[in-house]
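To keep things clear, I will list the structure first and then write my remarks on it.
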Amino acid sequence: MNSNGKSMQGFTFVDPERVEQIFSQYPDKKSATLPLLHLAQSQHGYISNSVINTIADLVDCHPAIVMDCVSFYTMLYTKPQGRHIIQVCQTLSCSLNGADSLVDHVMDKYEIKPGETTADDRFTLMKVECLGSCGTAPVVQINKEYHEGLSTQNFDKLLESFE
Amino acid sequence: MNTFKPVLTEHIGQPDCHTLSFYKSVGGYTALEKILKMKPEDVTQEVKDSNLRGRGGAGFSTGVKWGFIPKDSNKPKYLINNADESEPGTFKDRLLMNKAPHQMLEGMIIAAYAIGCHTSFIYIRGEFYKEYKILEKTIAEAYENNILGQNILGSNYNLDIVIHRGAGAYICGEETGLIESLEGKRGWPRIKPPFPAIEGYLQSPTIVNNVETLSCIPHIINRGSSWFKSIGPEKGPGPRLFCISGCINKPGVYEEPMGISLKELIYEKAGGIPDDKQLKAVFPGGSSSAILTAEEALDVKMDFEDLVEKKSMLGSAGVIVMDETVDMVQACLNIARFYAHESCGQCTPCREGTVWLVKMLTRLVNGGGKPNDIDMLFEITDNIGGLIDFSKGSYGKTICPFGEAVAWPVRSLVEKFKAEFLEYLPEEKAVA
């Protein structure tokens with residue numbers, strides 16, 4: 001931070017046209033907050049303070065307002081994550097169909113606990129609540145994709161395919 | 001009753017069923033052509049006459065909701081399609097977005113026309129990335145074919161649709177939480193009234209409808225409100241997508257007439273319970289509904305009225321089946337943990353109470369339960385959710401119905417399976 005309380009290293013969107021397009025879709029600036037946060041995270045990997053400052057400037061509000069929003073949503077990360085994010089659904093239908101053993105499998109195989117990242121930054125493990133795919137339980141989301149009806153064996157093979 | 005033929009899922013499973021050309025080949029967008037020649041208020045009346053009730057969970061009359069939009073307001077009107085499907089046990093909207101996105105879109109355009117809306121949003125849960133990409137294509141196809149944009153199908157009507165991704169918060173499925181989230185804030189539900197139809201998105205009149213609700217609209221327009229009303233019970237008719245999961249042979253989405261018996265749904269449609277185990281309990285309408293014992297479950301019809309009579313609710317029609325081997329205390333902890341994680345933190349009874357529930361249930365399963373824990377569980381659930389009757393539409397001690405959504409399952413689980421909770425108490429401490 002410098003004396004103005006602003007972060008010294010500013011964040012800039014690499015695709016200003018996309019930023020403009022997002023703004024053009026909404027009747028007011030602040031509604032663009034979540035889409036801009038999604039865009040920033042896909043570029044930067046997580047929501048840093050400089051991301052927050054940049055977006056606050058763009059949507060014309062105090063950074064604390066943007067931070068308030070960021071802290072509310074589980075998909076927005078305020079710290080760097082592993083290259084691949086494993087999210088195991090643990091809500092009832094997945095739990096009844098073996099979700100716990102999938103979590104145990106990652107914990108044993110990569111020696112990380114939920115919330116942790118492997119030392120080589122390959123995987124971050126998270127236990128998450130209902131992913132809305134209970135009919136194909138147990139379900140694991142890896143990065144953006146759902147993997148449904150997993151057995152420990154299938155899951156193990158799947159994990160191997162991520163580098 | 002005649003043999004029921006699926007309506008919303010009739011073509012699902014056919015190749016390319018998500019495309020515009022396929023949808024048009026089975027009569028897609030003829031309802032839109034029809035309504036563009038109708039007065040908006042006549043469209044609303046047709047939907048009102050159909051007795052369609054919302055498929056998201058609350059079950060409010062869709063036509064009546066549209067009718068709340070003030071006629072004399074100069075403000076813009078907004079339609080929001082609630083695609084934030086996150087109620088545990090529910091996965092039907094995801095299917096509709098994957099396989100029949102144009103059906104949903106046609107429903108949206110008709111609804112938007114009826115309420116006089118020119119900018120509409122699809123609020124889709126952030127995790128549904130694949131569905132988001134599908135909807136992007138659906139909307140692009142619609143713009144290319146003059147189904148969206150200016151002068152739709154040669155009429156004077158203009159409409160733009162924007163897809164807005166959520167970012168992981170169950171509460172944003174609650175309509176005022178959703179609106180706050182769309183405005184770029186945390187998804188804290190608003191105190192009602194004013195209801196969104198009067199003051200919603202950016203203080204303008206706003207209608208929030210669920211994906212499945214909107215998907216019913218083209219069919220009501222094409223086949224008429226009396227056809228719709230003839231399916232199932234008149235007070236809450238129509239086809240319904242039942243999601244079945246948990247301990248079940250053939251989990252999935254089943255489209256059946258409203259009012260089908262839960263027994264038929266579990267044992268005939270979904271193939272019963274694996275290894276012929278005994279049924280123990282069922283959540284009939286997502287995890288926010290009060291649990292039914294096997295005996296109650298086998299004697300209930302899946303419609304709004306019958307489930308209210310059984311002191312539960314149809315909710316989102318997410319049926320979670322539990323067999324004899326399921327530990328109800330563990331199930332209760334699982335559900336409580338979900339609500340503790342998803343409580344938005346705005347109201348004290350819910351923010352604090354859900355965490356107390358998890359702490360107490362965790363202590364209980366770890367063998368540290370205390371003799372008055374059962375009474376304490378009742379006290380906490382009553383403090384979060386009150387002893388409020390959903391059917392009367394009144395909420396308890398929290399701003400939104402989340403409070404009841406925690407209190408109902410937890411309280412009913414403890415009440416109906418009390419013996420199992422008592423078994424967890426260390427022996428010397430157990431009291432009769």
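Following the order of the structure tokens, first chain is A, next is B, and so on, with residues numbered from 1 inside each chain and ligands from 1 in the order they appear.
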
Can you work out which residues from chain B touch chain A at a cut-off of 6 Å (counting only C-alpha atoms) and hand them back as a list in words? Ser86, Pro88, Gly89, Thr90, Phe91, Ala167, Gly168, Ala169, Leu182, Glu183, Gly184, Lys185, Arg186, Ser245, Gly246, Pro251 and Gly252 of chain B

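Every residue of segment 43-90 of chain B with a DSSP assignment of helix (DSSP H, G or I), taken from the backbone, is listed as Val43, Thr44, Gln45, Glu46, Val47, Lys48, Asp49, Thr62, Gly63, Val64, Lys65, Trp66 and Gly67 of chain B.
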
Since we have the selection now, will you write its residues out, keeping all heavy atoms, as a tab-separated table (two decimals), in the first residue's frame?
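Okay, again.tsv is ready:
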```
chain	number	residue	atom	x	y	z
B	43	VAL	N	-52.77	-12.55	-21.94
B	43	VAL	CA	-51.77	-13.61	-21.72
B	43	VAL	C	-51.72	-13.93	-20.22
B	43	VAL	O	-51.78	-15.10	-19.81
B	43	VAL	CB	-50.38	-13.18	-22.22
B	43	VAL	CG1	-49.34	-14.28	-21.95
B	43	VAL	CG2	-50.42	-12.84	-23.71
B	44	THR	N	-51.66	-12.87	-19.41
B	44	THR	CA	-51.64	-13.06	-17.96
B	44	THR	C	-52.90	-13.80	-17.50
B	44	THR	O	-52.83	-14.71	-16.66
B	44	THR	CB	-51.55	-11.69	-17.25
B	44	THR	OG1	-50.35	-11.04	-17.68
B	44	THR	CG2	-51.52	-11.83	-15.74
B	45	GLN	N	-54.04	-13.42	-18.07
B	45	GLN	CA	-55.30	-14.07	-17.68
B	45	GLN	C	-55.28	-15.56	-17.99
B	45	GLN	O	-55.72	-16.38	-17.18
B	45	GLN	CB	-56.48	-13.38	-18.39
B	45	GLN	CG	-57.85	-13.79	-17.85
B	45	GLN	CD	-58.02	-13.49	-16.36
B	45	GLN	OE1	-57.70	-12.40	-15.89
B	45	GLN	NE2	-58.49	-14.48	-15.59
B	46	GLU	N	-54.74	-15.91	-19.16
B	46	GLU	CA	-54.69	-17.32	-19.56
B	46	GLU	C	-53.84	-18.12	-18.55
B	46	GLU	O	-54.21	-19.22	-18.14
B	46	GLU	CB	-54.09	-17.43	-20.97
B	46	GLU	CG	-54.17	-18.82	-21.60
B	46	GLU	CD	-55.60	-19.27	-21.93
B	46	GLU	OE1	-56.49	-18.41	-22.07
B	46	GLU	OE2	-55.80	-20.50	-22.04
B	47	VAL	N	-52.72	-17.52	-18.14
B	47	VAL	CA	-51.83	-18.20	-17.19
B	47	VAL	C	-52.50	-18.27	-15.81
B	47	VAL	O	-52.43	-19.29	-15.12
B	47	VAL	CB	-50.46	-17.48	-17.12
B	47	VAL	CG1	-49.58	-18.07	-16.02
B	47	VAL	CG2	-49.75	-17.60	-18.47
B	48	LYS	N	-53.20	-17.20	-15.44
B	48	LYS	CA	-53.93	-17.19	-14.17
B	48	LYS	C	-54.97	-18.32	-14.18
B	48	LYS	O	-55.10	-19.08	-13.23
B	48	LYS	CB	-54.62	-15.83	-14.01
B	48	LYS	CG	-54.71	-15.33	-12.59
B	48	LYS	CD	-55.43	-13.99	-12.52
B	48	LYS	CE	-54.48	-12.82	-12.57
B	48	LYS	NZ	-55.15	-11.51	-12.43
B	49	ASP	N	-55.71	-18.42	-15.30
B	49	ASP	CA	-56.77	-19.43	-15.42
B	49	ASP	C	-56.23	-20.86	-15.36
B	49	ASP	O	-56.95	-21.78	-15.01
B	49	ASP	CB	-57.52	-19.26	-16.76
B	49	ASP	CG	-58.37	-17.99	-16.77
B	49	ASP	OD1	-58.61	-17.42	-15.68
B	49	ASP	OD2	-58.78	-17.57	-17.88
B	62	THR	N	-48.59	-18.27	-10.50
B	62	THR	CA	-47.76	-17.50	-11.44
B	62	THR	C	-48.54	-16.34	-12.06
B	62	THR	O	-48.05	-15.21	-12.11
B	62	THR	CB	-47.23	-18.43	-12.55
B	62	THR	OG1	-46.56	-19.53	-11.93
B	62	THR	CG2	-46.26	-17.72	-13.48
B	63	GLY	N	-49.76	-16.62	-12.51
B	63	GLY	CA	-50.58	-15.57	-13.13
B	63	GLY	C	-50.91	-14.45	-12.16
B	63	GLY	O	-50.87	-13.27	-12.53
B	64	VAL	N	-51.21	-14.81	-10.93
B	64	VAL	CA	-51.52	-13.80	-9.90
B	64	VAL	C	-50.29	-12.92	-9.67
B	64	VAL	O	-50.38	-11.70	-9.58
B	64	VAL	CB	-52.00	-14.46	-8.59
B	64	VAL	CG1	-52.12	-13.44	-7.47
B	64	VAL	CG2	-53.34	-15.17	-8.80
B	65	LYS	N	-49.11	-13.56	-9.61
B	65	LYS	CA	-47.86	-12.81	-9.43
B	65	LYS	C	-47.68	-11.80	-10.56
B	65	LYS	O	-47.41	-10.63	-10.30
B	65	LYS	CB	-46.70	-13.82	-9.43
B	65	LYS	CG	-45.43	-13.35	-8.74
B	65	LYS	CD	-44.36	-14.45	-8.86
B	65	LYS	CE	-43.37	-14.45	-7.74
B	65	LYS	NZ	-42.34	-15.50	-7.87
B	66	TRP	N	-47.85	-12.23	-11.79
B	66	TRP	CA	-47.71	-11.31	-12.94
B	66	TRP	C	-48.70	-10.16	-12.80
B	66	TRP	O	-48.39	-9.02	-13.14
B	66	TRP	CB	-47.96	-12.03	-14.27
B	66	TRP	CG	-46.95	-13.07	-14.62
B	66	TRP	CD1	-45.87	-13.46	-13.88
B	66	TRP	CD2	-46.94	-13.87	-15.81
B	66	TRP	NE1	-45.19	-14.47	-14.53
B	66	TRP	CE2	-45.83	-14.74	-15.73
B	66	TRP	CE3	-47.76	-13.96	-16.93
B	66	TRP	CZ2	-45.51	-15.66	-16.72
B	66	TRP	CZ3	-47.46	-14.88	-17.93
B	66	TRP	CH2	-46.33	-15.72	-17.82
B	67	GLY	N	-49.88	-10.47	-12.31
B	67	GLY	CA	-50.93	-9.46	-12.17
B	67	GLY	C	-50.61	-8.37	-11.16
B	67	GLY	O	-51.23	-7.32	-11.15
```

Can you tell me, as JSON, numbers by chain, which residues in segment 25-158 of chain B count as strand (DSSP E) by DSSP? {"B": [77, 78, 79, 80, 81, 82, 83, 117, 118, 119, 120, 121, 122, 123, 124]}

9 Å contact set for Tyr339 of chain B, only C-alpha atoms, chain neighbours under 6 positions out, as a PDB file with C-alpha atoms, in the first residue's frame:
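Wrote around02.pdb, looks like this:
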```pdb
ATOM      1  CA  CYS B 350     -30.570 -18.116  11.962  1.00  0.00           C
ATOM      2  CA  THR B 354     -27.718 -22.945  12.728  1.00  0.00           C
ATOM      3  CA  VAL B 355     -24.188 -23.026  14.136  1.00  0.00           C
ATOM      4  CA  PHE B 402     -34.713 -19.848   5.321  1.00  0.00           C
ATOM      5  CA  ALA B 405     -36.289 -24.234   5.946  1.00  0.00           C
ATOM      6  CA  VAL B 406     -33.851 -25.153   8.734  1.00  0.00           C
TER       7      VAL B 406
END
```

Separation of atom CA of Ser42 of chain A from atom CA of Pro16 of chain A, in Å and rounded to one decimal: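 Distance between the two atoms: 14.2 Å.
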
Which of these residues is nearest to Leu39 of chain A, using only C-alpha atoms: A:Glu160, A:Glu17, A:Asp104, A:Asp121?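 Of A:Glu160, A:Glu17, A:Asp104, A:Asp121, the one nearest Leu39 of chain A is A:Glu17, counting only C-alpha atoms.
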
Do you know which residues are at most 9 Å from Val51 of chain A counting only C-alpha atoms, after dropping those on the same chain fewer than 5 positions away, and could you put them as a PyMOL selection string? chain A and resi 10-12+37+40-41+44+46+56

May I have the residues within 12 Å of segment 379-382 of chain B as number ranges by chain, using only C-alpha atoms and disregarding those fewer than 3 positions away in the same chain? B: 336, 339, 348-361, 372-376, 385-388, 396-398, 402-415

Compile the contact shell of Ile122 of chain B as a VMD selection string: residues with an atom at most 12 Å away, counting only C-alpha atoms, same-chain residues fewer than 4 positions apart removed. chain B and resid 78 to 85 97 101 104 to 105 108 to 109 126 131 to 132 135 to 136 139 160 to 166 173 178 to 179 182 207 to 211 214

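A straight line drawn from atom CA of Gly115 of chain A to atom CA of His341 of chain B is 14.6 Å long.
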
Residues near Ile198 of chain B, anyone? I mean within 12 Å using only C-alpha atoms, not counting same-chain ones fewer than 4 positions away, as a PDB file with N, CA, C and O atoms, in the first residue's frame.
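Generated file (result_3.pdb):
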```
ATOM      1  N   LYS B  65     -49.111 -13.557  -9.614  1.00  0.00           N
ATOM      2  CA  LYS B  65     -47.856 -12.814  -9.428  1.00  0.00           C
ATOM      3  C   LYS B  65     -47.679 -11.797 -10.559  1.00  0.00           C
ATOM      4  O   LYS B  65     -47.408 -10.628 -10.299  1.00  0.00           O
ATOM      5  N   TRP B  66     -47.852 -12.234 -11.791  1.00  0.00           N
ATOM      6  CA  TRP B  66     -47.708 -11.309 -12.936  1.00  0.00           C
ATOM      7  C   TRP B  66     -48.697 -10.157 -12.800  1.00  0.00           C
ATOM      8  O   TRP B  66     -48.389  -9.020 -13.144  1.00  0.00           O
ATOM      9  N   GLY B  67     -49.878 -10.469 -12.308  1.00  0.00           N
ATOM     10  CA  GLY B  67     -50.934  -9.464 -12.175  1.00  0.00           C
ATOM     11  C   GLY B  67     -50.608  -8.368 -11.157  1.00  0.00           C
ATOM     12  O   GLY B  67     -51.234  -7.318 -11.155  1.00  0.00           O
ATOM     13  N   PHE B  68     -49.623  -8.628 -10.285  1.00  0.00           N
ATOM     14  CA  PHE B  68     -49.238  -7.626  -9.275  1.00  0.00           C
ATOM     15  C   PHE B  68     -48.434  -6.469  -9.864  1.00  0.00           C
ATOM     16  O   PHE B  68     -48.215  -5.453  -9.202  1.00  0.00           O
ATOM     17  N   ILE B  69     -47.934  -6.626 -11.085  1.00  0.00           N
ATOM     18  CA  ILE B  69     -47.159  -5.545 -11.707  1.00  0.00           C
ATOM     19  C   ILE B  69     -48.075  -4.327 -11.872  1.00  0.00           C
ATOM     20  O   ILE B  69     -49.129  -4.425 -12.484  1.00  0.00           O
ATOM     21  N   PRO B  70     -47.685  -3.188 -11.281  1.00  0.00           N
ATOM     22  CA  PRO B  70     -48.572  -2.021 -11.353  1.00  0.00           C
ATOM     23  C   PRO B  70     -48.756  -1.537 -12.796  1.00  0.00           C
ATOM     24  O   PRO B  70     -47.792  -1.460 -13.555  1.00  0.00           O
ATOM     25  N   LYS B  71     -49.983  -1.250 -13.153  1.00  0.00           N
ATOM     26  CA  LYS B  71     -50.298  -0.849 -14.535  1.00  0.00           C
ATOM     27  C   LYS B  71     -49.875   0.587 -14.813  1.00  0.00           C
ATOM     28  O   LYS B  71     -49.611   0.971 -15.929  1.00  0.00           O
ATOM     29  N   ASP B  72     -49.855   1.397 -13.724  1.00  0.00           N
ATOM     30  CA  ASP B  72     -49.647   2.836 -13.931  1.00  0.00           C
ATOM     31  C   ASP B  72     -48.200   3.266 -13.709  1.00  0.00           C
ATOM     32  O   ASP B  72     -47.905   4.445 -13.681  1.00  0.00           O
ATOM     33  N   SER B  73     -47.290   2.300 -13.553  1.00  0.00           N
ATOM     34  CA  SER B  73     -45.905   2.667 -13.250  1.00  0.00           C
ATOM     35  C   SER B  73     -45.137   2.990 -14.537  1.00  0.00           C
ATOM     36  O   SER B  73     -45.233   2.278 -15.525  1.00  0.00           O
ATOM     37  N   ASN B  74     -44.357   4.083 -14.483  1.00  0.00           N
ATOM     38  CA  ASN B  74     -43.534   4.449 -15.641  1.00  0.00           C
ATOM     39  C   ASN B  74     -42.160   3.799 -15.597  1.00  0.00           C
ATOM     40  O   ASN B  74     -41.374   3.952 -16.518  1.00  0.00           O
ATOM     41  N   LYS B  75     -41.883   3.136 -14.508  1.00  0.00           N
ATOM     42  CA  LYS B  75     -40.557   2.518 -14.364  1.00  0.00           C
ATOM     43  C   LYS B  75     -40.433   1.317 -15.304  1.00  0.00           C
ATOM     44  O   LYS B  75     -41.443   0.708 -15.662  1.00  0.00           O
ATOM     45  N   PRO B  76     -39.177   0.976 -15.659  1.00  0.00           N
ATOM     46  CA  PRO B  76     -39.018  -0.248 -16.449  1.00  0.00           C
ATOM     47  C   PRO B  76     -39.458  -1.467 -15.642  1.00  0.00           C
ATOM     48  O   PRO B  76     -39.391  -1.451 -14.412  1.00  0.00           O
ATOM     49  N   LYS B  77     -39.932  -2.495 -16.319  1.00  0.00           N
ATOM     50  CA  LYS B  77     -40.319  -3.737 -15.643  1.00  0.00           C
ATOM     51  C   LYS B  77     -39.249  -4.793 -15.956  1.00  0.00           C
ATOM     52  O   LYS B  77     -38.718  -4.813 -17.064  1.00  0.00           O
ATOM     53  N   TYR B  78     -38.982  -5.633 -14.976  1.00  0.00           N
ATOM     54  CA  TYR B  78     -37.961  -6.663 -15.184  1.00  0.00           C
ATOM     55  C   TYR B  78     -38.522  -8.057 -14.928  1.00  0.00           C
ATOM     56  O   TYR B  78     -39.310  -8.258 -13.994  1.00  0.00           O
ATOM     57  N   LYS B 192     -40.178  -8.003   3.280  1.00  0.00           N
ATOM     58  CA  LYS B 192     -41.342  -7.821   2.408  1.00  0.00           C
ATOM     59  C   LYS B 192     -42.562  -7.520   3.274  1.00  0.00           C
ATOM     60  O   LYS B 192     -42.715  -8.145   4.315  1.00  0.00           O
ATOM     61  N   PRO B 193     -43.513  -6.701   2.855  1.00  0.00           N
ATOM     62  CA  PRO B 193     -43.470  -5.872   1.648  1.00  0.00           C
ATOM     63  C   PRO B 193     -42.449  -4.731   1.767  1.00  0.00           C
ATOM     64  O   PRO B 193     -41.979  -4.493   2.875  1.00  0.00           O
ATOM     65  N   PRO B 194     -42.157  -4.051   0.659  1.00  0.00           N
ATOM     66  CA  PRO B 194     -42.735  -4.231  -0.673  1.00  0.00           C
ATOM     67  C   PRO B 194     -42.264  -5.519  -1.358  1.00  0.00           C
ATOM     68  O   PRO B 194     -41.099  -5.889  -1.213  1.00  0.00           O
ATOM     69  N   LEU B 202     -33.451  -2.737  -8.878  1.00  0.00           N
ATOM     70  CA  LEU B 202     -33.277  -1.282  -8.989  1.00  0.00           C
ATOM     71  C   LEU B 202     -34.566  -0.520  -8.670  1.00  0.00           C
ATOM     72  O   LEU B 202     -34.923   0.438  -9.336  1.00  0.00           O
ATOM     73  N   GLN B 203     -35.270  -1.015  -7.654  1.00  0.00           N
ATOM     74  CA  GLN B 203     -36.532  -0.418  -7.172  1.00  0.00           C
ATOM     75  C   GLN B 203     -37.638  -0.408  -8.233  1.00  0.00           C
ATOM     76  O   GLN B 203     -38.630   0.300  -8.101  1.00  0.00           O
ATOM     77  N   SER B 204     -37.480  -1.202  -9.260  1.00  0.00           N
ATOM     78  CA  SER B 204     -38.501  -1.258 -10.304  1.00  0.00           C
ATOM     79  C   SER B 204     -39.328  -2.535 -10.173  1.00  0.00           C
ATOM     80  O   SER B 204     -38.863  -3.527  -9.604  1.00  0.00           O
ATOM     81  N   PRO B 205     -40.542  -2.538 -10.741  1.00  0.00           N
ATOM     82  CA  PRO B 205     -41.381  -3.740 -10.674  1.00  0.00           C
ATOM     83  C   PRO B 205     -40.678  -4.940 -11.318  1.00  0.00           C
ATOM     84  O   PRO B 205     -40.188  -4.837 -12.441  1.00  0.00           O
ATOM     85  N   THR B 206     -40.618  -6.037 -10.592  1.00  0.00           N
ATOM     86  CA  THR B 206     -39.829  -7.191 -11.023  1.00  0.00           C
ATOM     87  C   THR B 206     -40.576  -8.494 -10.741  1.00  0.00           C
ATOM     88  O   THR B 206     -41.133  -8.657  -9.653  1.00  0.00           O
ATOM     89  N   ILE B 207     -40.563  -9.387 -11.708  1.00  0.00           N
ATOM     90  CA  ILE B 207     -41.126 -10.715 -11.504  1.00  0.00           C
ATOM     91  C   ILE B 207     -39.984 -11.721 -11.533  1.00  0.00           C
ATOM     92  O   ILE B 207     -39.152 -11.702 -12.445  1.00  0.00           O
ATOM     93  N   VAL B 208     -39.937 -12.588 -10.529  1.00  0.00           N
ATOM     94  CA  VAL B 208     -38.943 -13.660 -10.510  1.00  0.00           C
ATOM     95  C   VAL B 208     -39.693 -14.985 -10.657  1.00  0.00           C
ATOM     96  O   VAL B 208     -40.557 -15.299  -9.842  1.00  0.00           O
TER      97      VAL B 208
END
```
